[in-house]
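Student: Let me begin by handing over the structure; questions about it come next.
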Amino acid sequence: EWLERAEVQAIFAALDGADGRTRAVGGVVRDSLAGMTRNHADIDMATEFLPTTVMQRAKAAGISAYPTGIEHGTVTLRVNDTVVEVTTLREDVETDGRRAIVRFGTNWQADAERRDFTINALYCLADGTIVDPIGGVGDLLGGRIRFIGDARQRIAEDGLRVYRFFRFSASHGGEIYDADGLAACSAAADELDHISRERVGAEMMRMLALPRVAKTIGVMDRLGLIRVAPGAAEALVRYEVLGGRSATTRLALLGRESLDIRQADWRLSKAIAVKAERVAEAADLLRVGDVAWAAYRYGEDAVEGLAVVAASDGWPRERLAEVARELGRLRVAPLPVDGSDLAARGMRPGPEMGTALRLLERAWVDSEFTLQKDELLSRLFH
Ligand code: ATP
Ligand code: MG
């Protein structure tokens, strides 16, 4: 359990966690109360101490401290593998619609009220005592994702909360949407162009890694919050029924044509975009029956490609099982010939050599990775 970790207790000890001057808040508190295991270890804490004091106290206790967001009052503390973001209590003085003007404070009620949903305004002291200033525990147990305060106004302050509303409805609301919050989100759907794409992308990727998102994706598609290919929402439902939960496979299922749009829209990391693209390409090869080539080209991604086909193509179960068996049986190995082998036989580097290598590759894959090097070369040099 996160709270019992010596690292967490060391941080609490440095920041007077026992008497509640520093408290854990947000996801880690919410998820442990809900009995959910988290797939990431991020811990957020709130504190009465000013950022400079947090830095000093951490260092005095031998804890590494980095001022990662000093203008927001955030200091990142690290003990071994445990990373905790400690943010000084803030109070909104006023807001101009995009940016809140804040000052540091010691008012826990005000800190709670600035947060987005009641389930995210739960605090935990060093000894495990839960502080619930807004009634978040009841909502958590009832699966209600309720905005704190007036939903429309809270969305007007920060449009990202629309995406977070759907993310938490998928993770903690059983894909049931609080009527008031849903109405406010639909009303705001056309006015969200100005929110940061990175932030939207990060929320969407967290959402796509949840066990169940298909219904939520469908609702967001209908509201125009995301763009998905025709049939993608139905394919996502089947993917979940089959037990799939990979975020990149889901990205591939949302539609390959729009992957590049999505990469720009959501500022996805190159690594994630490339992986989703590979999964989609592998699926295309499997669709045309080129299983060995899919395995050779895409390795493990071909397995995810098969999941894409299973979710979107309506293949009979036997055909899927057969391809799965074939993927499992194939012992993929790299082509045992390279450019230097061809050069040794008098071929000059250039387009001709490229063509020759592709030809050998094809023969290699067709032989299911069994031809000997000289057998391969004899196909070029008689
Ligand atoms: P996760 O489990 O994904 O980390 P989380 O609730 O901890 O979920 P974070 O984005 O890490 O989400 O934010 C930590 C806390 O900060 C939230 O629980 C919430 O109280 C507050 N918060 C985050 N984003 C917003 C926002 N856009 N508006 C208001 N409060 C927010
Ligand atoms: Mg968090």
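Ordering of the structure tokens sets the chain letters (A, B, ...), residue numbers begin anew at 1 in every chain, and ligands are numbered from 1 in the order given.
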Hey, which residues come within 6 Å of ligand 1 if we count only C-alpha atoms and all ligand atoms? Could you give them as a PyMOL selection string?
Tutor: chain A and resi 26-27+114-116+120-121+160-161
Student: Could you please take those selected residues and save N, CA, C and O atoms as a compact mmCIF listing (two decimals), in the first residue's frame?
Tutor:
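The resulting file, out_18.txt, is shown below:
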# COMPACT_ATOMS: atom_id res chain seq x y z
N GLY A 26 -5.99 13.85 -4.26
CA GLY A 26 -6.14 13.48 -5.67
C GLY A 26 -6.16 11.98 -5.89
O GLY A 26 -6.62 11.22 -5.05
N GLY A 27 -5.59 11.59 -7.03
CA GLY A 27 -5.74 10.22 -7.52
C GLY A 27 -5.38 9.13 -6.53
O GLY A 27 -6.10 8.15 -6.39
N ARG A 114 -11.17 24.59 -5.20
CA ARG A 114 -10.55 24.88 -6.51
C ARG A 114 -10.42 23.62 -7.35
O ARG A 114 -10.15 23.69 -8.54
N ARG A 115 -10.55 22.46 -6.75
CA ARG A 115 -10.36 21.21 -7.48
C ARG A 115 -11.56 20.93 -8.36
O ARG A 115 -12.58 21.60 -8.25
N ASP A 116 -11.43 19.94 -9.27
CA ASP A 116 -12.47 19.80 -10.29
C ASP A 116 -13.71 19.03 -9.82
O ASP A 116 -14.83 19.50 -9.96
N ASN A 120 -12.14 14.14 -6.31
CA ASN A 120 -10.72 14.53 -6.37
C ASN A 120 -10.34 15.48 -5.25
O ASN A 120 -9.22 15.96 -5.21
N ALA A 121 -11.28 15.76 -4.37
CA ALA A 121 -11.02 16.68 -3.26
C ALA A 121 -11.02 15.91 -1.95
O ALA A 121 -11.67 16.30 -0.98
N LEU A 160 -10.46 21.94 -20.04
CA LEU A 160 -9.93 20.58 -19.93
C LEU A 160 -10.81 19.73 -19.02
O LEU A 160 -10.83 18.51 -19.15
N ARG A 161 -11.53 20.38 -18.13
CA ARG A 161 -12.37 19.63 -17.18
C ARG A 161 -13.43 18.81 -17.90
O ARG A 161 -13.92 17.82 -17.34
Student: Counting only C-alpha atoms, what is within 12 Å of stretch 9-16 of chain A, bar same-chain residues fewer than 2 positions away, as an mmCIF file with N, CA, C and O atoms, in the first residue's frame?
Tutor:
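Now in around_38.cif:
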data_model
loop_
_atom_site.group_PDB
_atom_site.id
_atom_site.type_symbol
_atom_site.label_atom_id
_atom_site.label_comp_id
_atom_site.auth_asym_id
_atom_site.auth_seq_id
_atom_site.Cartn_x
_atom_site.Cartn_y
_atom_site.Cartn_z
ATOM 1 N N GLU A 1 0.836 -1.220 0.000
ATOM 2 C CA GLU A 1 0.000 0.000 0.000
ATOM 3 C C GLU A 1 0.866 1.265 0.000
ATOM 4 O O GLU A 1 1.874 1.344 0.702
ATOM 5 N N TRP A 2 0.462 2.248 -0.753
ATOM 6 C CA TRP A 2 1.297 3.433 -0.941
ATOM 7 C C TRP A 2 1.601 4.147 0.385
ATOM 8 O O TRP A 2 2.702 4.614 0.614
ATOM 9 N N LEU A 3 0.614 4.210 1.280
ATOM 10 C CA LEU A 3 0.773 4.994 2.501
ATOM 11 C C LEU A 3 1.813 4.393 3.441
ATOM 12 O O LEU A 3 2.468 5.104 4.192
ATOM 13 N N GLU A 4 1.938 3.075 3.407
ATOM 14 C CA GLU A 4 2.888 2.403 4.310
ATOM 15 C C GLU A 4 4.328 2.491 3.824
ATOM 16 O O GLU A 4 5.247 2.159 4.566
ATOM 17 N N ARG A 5 4.508 2.904 2.590
ATOM 18 C CA ARG A 5 5.871 2.941 2.074
ATOM 19 C C ARG A 5 6.737 3.879 2.901
ATOM 20 O O ARG A 5 6.341 5.012 3.212
ATOM 21 N N ALA A 6 7.933 3.403 3.245
ATOM 22 C CA ALA A 6 8.861 4.212 4.045
ATOM 23 C C ALA A 6 9.146 5.535 3.344
ATOM 24 O O ALA A 6 9.294 6.581 3.982
ATOM 25 N N GLU A 7 9.204 5.513 2.008
ATOM 26 C CA GLU A 7 9.508 6.730 1.248
ATOM 27 C C GLU A 7 8.426 7.787 1.459
ATOM 28 O O GLU A 7 8.713 8.972 1.620
ATOM 29 N N ALA A 18 1.883 14.430 10.031
ATOM 30 C CA ALA A 18 1.111 13.848 11.134
ATOM 31 C C ALA A 18 0.041 14.807 11.621
ATOM 32 O O ALA A 18 -1.072 14.396 11.943
ATOM 33 N N ASP A 19 0.374 16.102 11.663
ATOM 34 C CA ASP A 19 -0.668 17.031 12.113
ATOM 35 C C ASP A 19 -1.404 17.687 10.947
ATOM 36 O O ASP A 19 -2.106 18.679 11.118
ATOM 37 N N GLY A 20 -1.241 17.133 9.762
ATOM 38 C CA GLY A 20 -2.085 17.552 8.648
ATOM 39 C C GLY A 20 -1.654 18.827 7.953
ATOM 40 O O GLY A 20 -2.411 19.381 7.161
ATOM 41 N N ARG A 21 -0.434 19.302 8.215
ATOM 42 C CA ARG A 21 -0.013 20.509 7.486
ATOM 43 C C ARG A 21 0.346 20.156 6.039
ATOM 44 O O ARG A 21 0.408 21.029 5.174
ATOM 45 N N THR A 22 0.622 18.872 5.801
ATOM 46 C CA THR A 22 0.819 18.359 4.442
ATOM 47 C C THR A 22 -0.057 17.124 4.300
ATOM 48 O O THR A 22 -0.086 16.276 5.191
ATOM 49 N N ARG A 23 -0.799 17.028 3.195
ATOM 50 C CA ARG A 23 -1.735 15.914 3.018
ATOM 51 C C ARG A 23 -1.641 15.369 1.591
ATOM 52 O O ARG A 23 -1.469 16.131 0.642
ATOM 53 N N ALA A 24 -1.785 14.068 1.482
ATOM 54 C CA ALA A 24 -1.913 13.492 0.144
ATOM 55 C C ALA A 24 -3.302 13.841 -0.389
ATOM 56 O O ALA A 24 -4.256 13.990 0.378
ATOM 57 N N ILE A 43 2.070 10.449 -6.958
ATOM 58 C CA ILE A 43 1.429 10.864 -5.719
ATOM 59 C C ILE A 43 1.427 12.389 -5.682
ATOM 60 O O ILE A 43 2.447 13.024 -5.963
ATOM 61 N N ASP A 44 0.261 12.945 -5.387
ATOM 62 C CA ASP A 44 0.158 14.396 -5.220
ATOM 63 C C ASP A 44 -0.054 14.695 -3.749
ATOM 64 O O ASP A 44 -0.784 13.980 -3.065
ATOM 65 N N MET A 45 0.605 15.768 -3.286
ATOM 66 C CA MET A 45 0.351 16.242 -1.925
ATOM 67 C C MET A 45 0.093 17.731 -1.972
ATOM 68 O O MET A 45 0.545 18.433 -2.871
ATOM 69 N N ALA A 46 -0.672 18.198 -0.977
ATOM 70 C CA ALA A 46 -0.878 19.633 -0.801
ATOM 71 C C ALA A 46 -0.289 20.008 0.556
ATOM 72 O O ALA A 46 -0.268 19.184 1.472
ATOM 73 N N THR A 47 0.210 21.233 0.647
ATOM 74 C CA THR A 47 0.887 21.639 1.891
ATOM 75 C C THR A 47 0.626 23.100 2.221
ATOM 76 O O THR A 47 0.369 23.907 1.323
ATOM 77 N N GLU A 48 0.714 23.397 3.516
ATOM 78 C CA GLU A 48 0.615 24.791 3.956
ATOM 79 C C GLU A 48 1.949 25.509 3.806
ATOM 80 O O GLU A 48 2.002 26.734 3.832
ATOM 81 N N PHE A 49 3.034 24.735 3.684
ATOM 82 C CA PHE A 49 4.356 25.368 3.629
ATOM 83 C C PHE A 49 4.597 26.012 2.270
ATOM 84 O O PHE A 49 4.200 25.486 1.235
ATOM 85 N N LEU A 50 5.291 27.126 2.284
ATOM 86 C CA LEU A 50 5.665 27.773 1.028
ATOM 87 C C LEU A 50 6.668 26.901 0.283
ATOM 88 O O LEU A 50 7.401 26.124 0.898
ATOM 89 N N PRO A 51 6.703 27.018 -1.045
ATOM 90 C CA PRO A 51 7.623 26.185 -1.838
ATOM 91 C C PRO A 51 9.068 26.241 -1.349
ATOM 92 O O PRO A 51 9.737 25.209 -1.302
ATOM 93 N N THR A 53 10.111 26.702 1.638
ATOM 94 C CA THR A 53 10.191 25.931 2.878
ATOM 95 C C THR A 53 10.174 24.437 2.579
ATOM 96 O O THR A 53 10.900 23.656 3.206
ATOM 97 N N VAL A 54 9.351 24.048 1.621
ATOM 98 C CA VAL A 54 9.313 22.631 1.224
ATOM 99 C C VAL A 54 10.695 22.193 0.763
ATOM 100 O O VAL A 54 11.213 21.157 1.183
ATOM 101 N N MET A 55 11.335 23.026 -0.065
ATOM 102 C CA MET A 55 12.677 22.711 -0.561
ATOM 103 C C MET A 55 13.654 22.556 0.609
ATOM 104 O O MET A 55 14.401 21.572 0.682
ATOM 105 N N GLN A 56 13.620 23.527 1.516
ATOM 106 C CA GLN A 56 14.562 23.500 2.645
ATOM 107 C C GLN A 56 14.354 22.280 3.530
ATOM 108 O O GLN A 56 15.301 21.581 3.878
ATOM 109 N N ARG A 57 13.107 22.022 3.878
ATOM 110 C CA ARG A 57 12.812 20.908 4.781
ATOM 111 C C ARG A 57 13.175 19.570 4.128
ATOM 112 O O ARG A 57 13.702 18.677 4.783
ATOM 113 N N ALA A 58 12.877 19.450 2.830
ATOM 114 C CA ALA A 58 13.206 18.203 2.143
ATOM 115 C C ALA A 58 14.718 17.989 2.169
ATOM 116 O O ALA A 58 15.199 16.914 2.527
ATOM 117 N N LYS A 59 15.453 19.024 1.818
ATOM 118 C CA LYS A 59 16.910 18.885 1.770
ATOM 119 C C LYS A 59 17.486 18.555 3.136
ATOM 120 O O LYS A 59 18.369 17.721 3.254
ATOM 121 N N ALA A 60 16.936 19.204 4.184
ATOM 122 C CA ALA A 60 17.400 18.921 5.549
ATOM 123 C C ALA A 60 17.152 17.461 5.917
ATOM 124 O O ALA A 60 17.871 16.879 6.717
ATOM 125 N N ALA A 61 16.132 16.845 5.312
ATOM 126 C CA ALA A 61 15.821 15.444 5.613
ATOM 127 C C ALA A 61 16.509 14.502 4.625
ATOM 128 O O ALA A 61 16.244 13.293 4.610
ATOM 129 N N GLY A 62 17.360 15.049 3.773
ATOM 130 C CA GLY A 62 18.069 14.220 2.808
ATOM 131 C C GLY A 62 17.216 13.742 1.650
ATOM 132 O O GLY A 62 17.493 12.720 1.027
ATOM 133 N N ILE A 63 16.150 14.495 1.335
ATOM 134 C CA ILE A 63 15.243 14.117 0.241
ATOM 135 C C ILE A 63 15.534 15.023 -0.957
ATOM 136 O O ILE A 63 15.651 16.243 -0.797
ATOM 137 N N SER A 64 15.658 14.433 -2.149
ATOM 138 C CA SER A 64 15.906 15.265 -3.337
ATOM 139 C C SER A 64 14.662 16.089 -3.638
ATOM 140 O O SER A 64 13.553 15.570 -3.620
ATOM 141 N N ALA A 65 14.889 17.358 -3.944
ATOM 142 C CA ALA A 65 13.773 18.267 -4.211
ATOM 143 C C ALA A 65 14.072 19.095 -5.445
ATOM 144 O O ALA A 65 15.173 19.609 -5.601
ATOM 145 N N THR A 76 8.836 19.001 -6.693
ATOM 146 C CA THR A 76 8.823 17.547 -6.836
ATOM 147 C C THR A 76 9.854 16.940 -5.893
ATOM 148 O O THR A 76 11.016 17.331 -5.911
ATOM 149 N N LEU A 77 9.405 16.008 -5.060
ATOM 150 C CA LEU A 77 10.301 15.325 -4.132
ATOM 151 C C LEU A 77 10.474 13.888 -4.595
ATOM 152 O O LEU A 77 9.539 13.268 -5.111
ATOM 153 N N ARG A 78 11.692 13.384 -4.412
ATOM 154 C CA ARG A 78 11.943 12.014 -4.830
ATOM 155 C C ARG A 78 12.722 11.265 -3.746
ATOM 156 O O ARG A 78 13.749 11.735 -3.268
ATOM 157 N N VAL A 79 12.199 10.103 -3.364
ATOM 158 C CA VAL A 79 12.930 9.186 -2.498
ATOM 159 C C VAL A 79 12.914 7.832 -3.199
ATOM 160 O O VAL A 79 11.842 7.274 -3.459
ATOM 161 N N ASN A 80 14.078 7.332 -3.530
ATOM 162 C CA ASN A 80 14.181 6.100 -4.334
ATOM 163 C C ASN A 80 13.267 6.217 -5.558
ATOM 164 O O ASN A 80 13.395 7.157 -6.315
ATOM 165 N N THR A 82 10.020 6.630 -5.455
ATOM 166 C CA THR A 82 8.783 7.335 -5.128
ATOM 167 C C THR A 82 8.916 8.816 -5.456
ATOM 168 O O THR A 82 9.844 9.482 -4.990
ATOM 169 N N VAL A 83 8.003 9.295 -6.288
ATOM 170 C CA VAL A 83 8.026 10.692 -6.706
ATOM 171 C C VAL A 83 6.731 11.350 -6.231
ATOM 172 O O VAL A 83 5.641 10.841 -6.483
ATOM 173 N N VAL A 84 6.875 12.436 -5.529
ATOM 174 C CA VAL A 84 5.701 13.117 -4.981
ATOM 175 C C VAL A 84 5.730 14.579 -5.412
ATOM 176 O O VAL A 84 6.752 15.260 -5.272
ATOM 177 N N GLU A 85 4.622 15.043 -5.967
ATOM 178 C CA GLU A 85 4.495 16.461 -6.307
ATOM 179 C C GLU A 85 3.819 17.164 -5.153
ATOM 180 O O GLU A 85 2.676 16.844 -4.810
ATOM 181 N N VAL A 86 4.525 18.096 -4.549
ATOM 182 C CA VAL A 86 3.981 18.806 -3.391
ATOM 183 C C VAL A 86 3.613 20.221 -3.830
ATOM 184 O O VAL A 86 4.463 20.964 -4.329
ATOM 185 N N THR A 87 2.363 20.580 -3.673
ATOM 186 C CA THR A 87 1.896 21.893 -4.124
ATOM 187 C C THR A 87 1.360 22.693 -2.940
ATOM 188 O O THR A 87 0.555 22.187 -2.157
ATOM 189 N N THR A 88 1.839 23.908 -2.833
ATOM 190 C CA THR A 88 1.405 24.783 -1.736
ATOM 191 C C THR A 88 -0.046 25.206 -1.951
ATOM 192 O O THR A 88 -0.465 25.476 -3.088
ATOM 193 N N CYS A 124 -5.629 12.828 2.612
ATOM 194 C CA CYS A 124 -5.225 11.744 3.493
ATOM 195 C C CYS A 124 -4.023 12.193 4.317
ATOM 196 O O CYS A 124 -3.035 12.674 3.763
ATOM 197 N N LEU A 125 -4.128 12.064 5.629
ATOM 198 C CA LEU A 125 -3.019 12.430 6.516
ATOM 199 C C LEU A 125 -2.027 11.272 6.606
ATOM 200 O O LEU A 125 -2.296 10.170 6.128
ATOM 201 N N ALA A 126 -0.914 11.531 7.274
ATOM 202 C CA ALA A 126 0.166 10.533 7.336
ATOM 203 C C ALA A 126 -0.300 9.226 7.976
ATOM 204 O O ALA A 126 0.206 8.156 7.656
ATOM 205 N N ASP A 127 -1.281 9.316 8.901
ATOM 206 C CA ASP A 127 -1.740 8.094 9.582
ATOM 207 C C ASP A 127 -2.928 7.446 8.883
ATOM 208 O O ASP A 127 -3.528 6.509 9.411
ATOM 209 N N GLY A 128 -3.299 7.961 7.726
ATOM 210 C CA GLY A 128 -4.393 7.347 6.976
ATOM 211 C C GLY A 128 -5.752 7.994 7.203
ATOM 212 O O GLY A 128 -6.732 7.623 6.545
#
Student: Using only C-alpha atoms and all ligand atoms for the distances, tell me which of A:Glu203, A:Asp81, A:Asp178, A:Asp193 is nearest to ligand 2.
Tutor: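 The answer is A:Glu203, which sits nearest to ligand 2.
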Student: Excluding same-chain residues fewer than 3 positions from A:Ala363, what lies within 12 Å of it counting only C-alpha atoms, as a list in words?
Tutor: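 Using only C-alpha atoms, the neighbours found are Ala292, Trp293, Leu335, Pro336, Val337, Ala356, Leu357, Arg358, Leu359, Leu360, Asp366, Ser367, Glu368, Phe369, Thr370, Leu371, Gln372, Lys373, Glu375, Leu376, Leu377, Ser378, Arg379 and Leu380 of chain A.
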Student: What's the separation between atom CA of A:Gly243 and atom CA of A:Phe168, in Å to one decimal place?
Tutor: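 Separation of atom CA of A:Gly243 and atom CA of A:Phe168: 20.3 Å.
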Student: Need the shell around A:Val308: protein/DNA/RNA residues with any atom at most 7 Å away, counting only C-alpha atoms. Skip same-chain ones fewer than 4 positions apart. Format as a PyMOL selection string?
Tutor: chain A and resi 249+253+283+304+312
Student: May I have the residues from that selection written out with all heavy atoms, as a short mmCIF file (atom, residue, chain, number, x, y, z; two decimals), in the first residue's frame?
Tutor:
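Saved file again-v9.cif follows:
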data_model
loop_
_atom_site.label_atom_id
_atom_site.label_comp_id
_atom_site.auth_asym_id
_atom_site.auth_seq_id
_atom_site.Cartn_x
_atom_site.Cartn_y
_atom_site.Cartn_z
N THR A 249 -3.40 0.08 -29.15
CA THR A 249 -4.31 -0.66 -30.01
C THR A 249 -5.62 0.11 -30.17
O THR A 249 -6.19 0.19 -31.26
CB THR A 249 -4.58 -2.06 -29.43
OG1 THR A 249 -3.34 -2.76 -29.34
CG2 THR A 249 -5.53 -2.85 -30.32
N LEU A 253 -7.47 1.48 -33.45
CA LEU A 253 -8.88 1.21 -33.74
C LEU A 253 -9.67 2.48 -34.02
O LEU A 253 -10.68 2.45 -34.72
CB LEU A 253 -9.53 0.47 -32.56
CG LEU A 253 -9.29 -1.03 -32.50
CD1 LEU A 253 -9.75 -1.58 -31.15
CD2 LEU A 253 -10.03 -1.74 -33.63
N ALA A 283 -2.18 -4.91 -38.95
CA ALA A 283 -3.57 -5.37 -39.16
C ALA A 283 -3.87 -5.46 -40.65
O ALA A 283 -4.47 -6.43 -41.12
CB ALA A 283 -4.54 -4.42 -38.47
N GLU A 304 -0.90 -7.29 -31.62
CA GLU A 304 -1.90 -6.24 -31.41
C GLU A 304 -2.68 -5.98 -32.70
O GLU A 304 -3.87 -5.67 -32.66
CB GLU A 304 -1.24 -4.95 -30.91
CG GLU A 304 -0.69 -5.10 -29.50
CD GLU A 304 -0.45 -3.76 -28.82
OE1 GLU A 304 -1.27 -2.84 -28.97
OE2 GLU A 304 0.58 -3.65 -28.14
N SER A 312 -12.50 -5.37 -35.39
CA SER A 312 -13.15 -4.55 -36.42
C SER A 312 -13.60 -5.28 -37.67
O SER A 312 -14.33 -4.71 -38.46
CB SER A 312 -12.24 -3.37 -36.79
OG SER A 312 -10.93 -3.81 -36.99
#
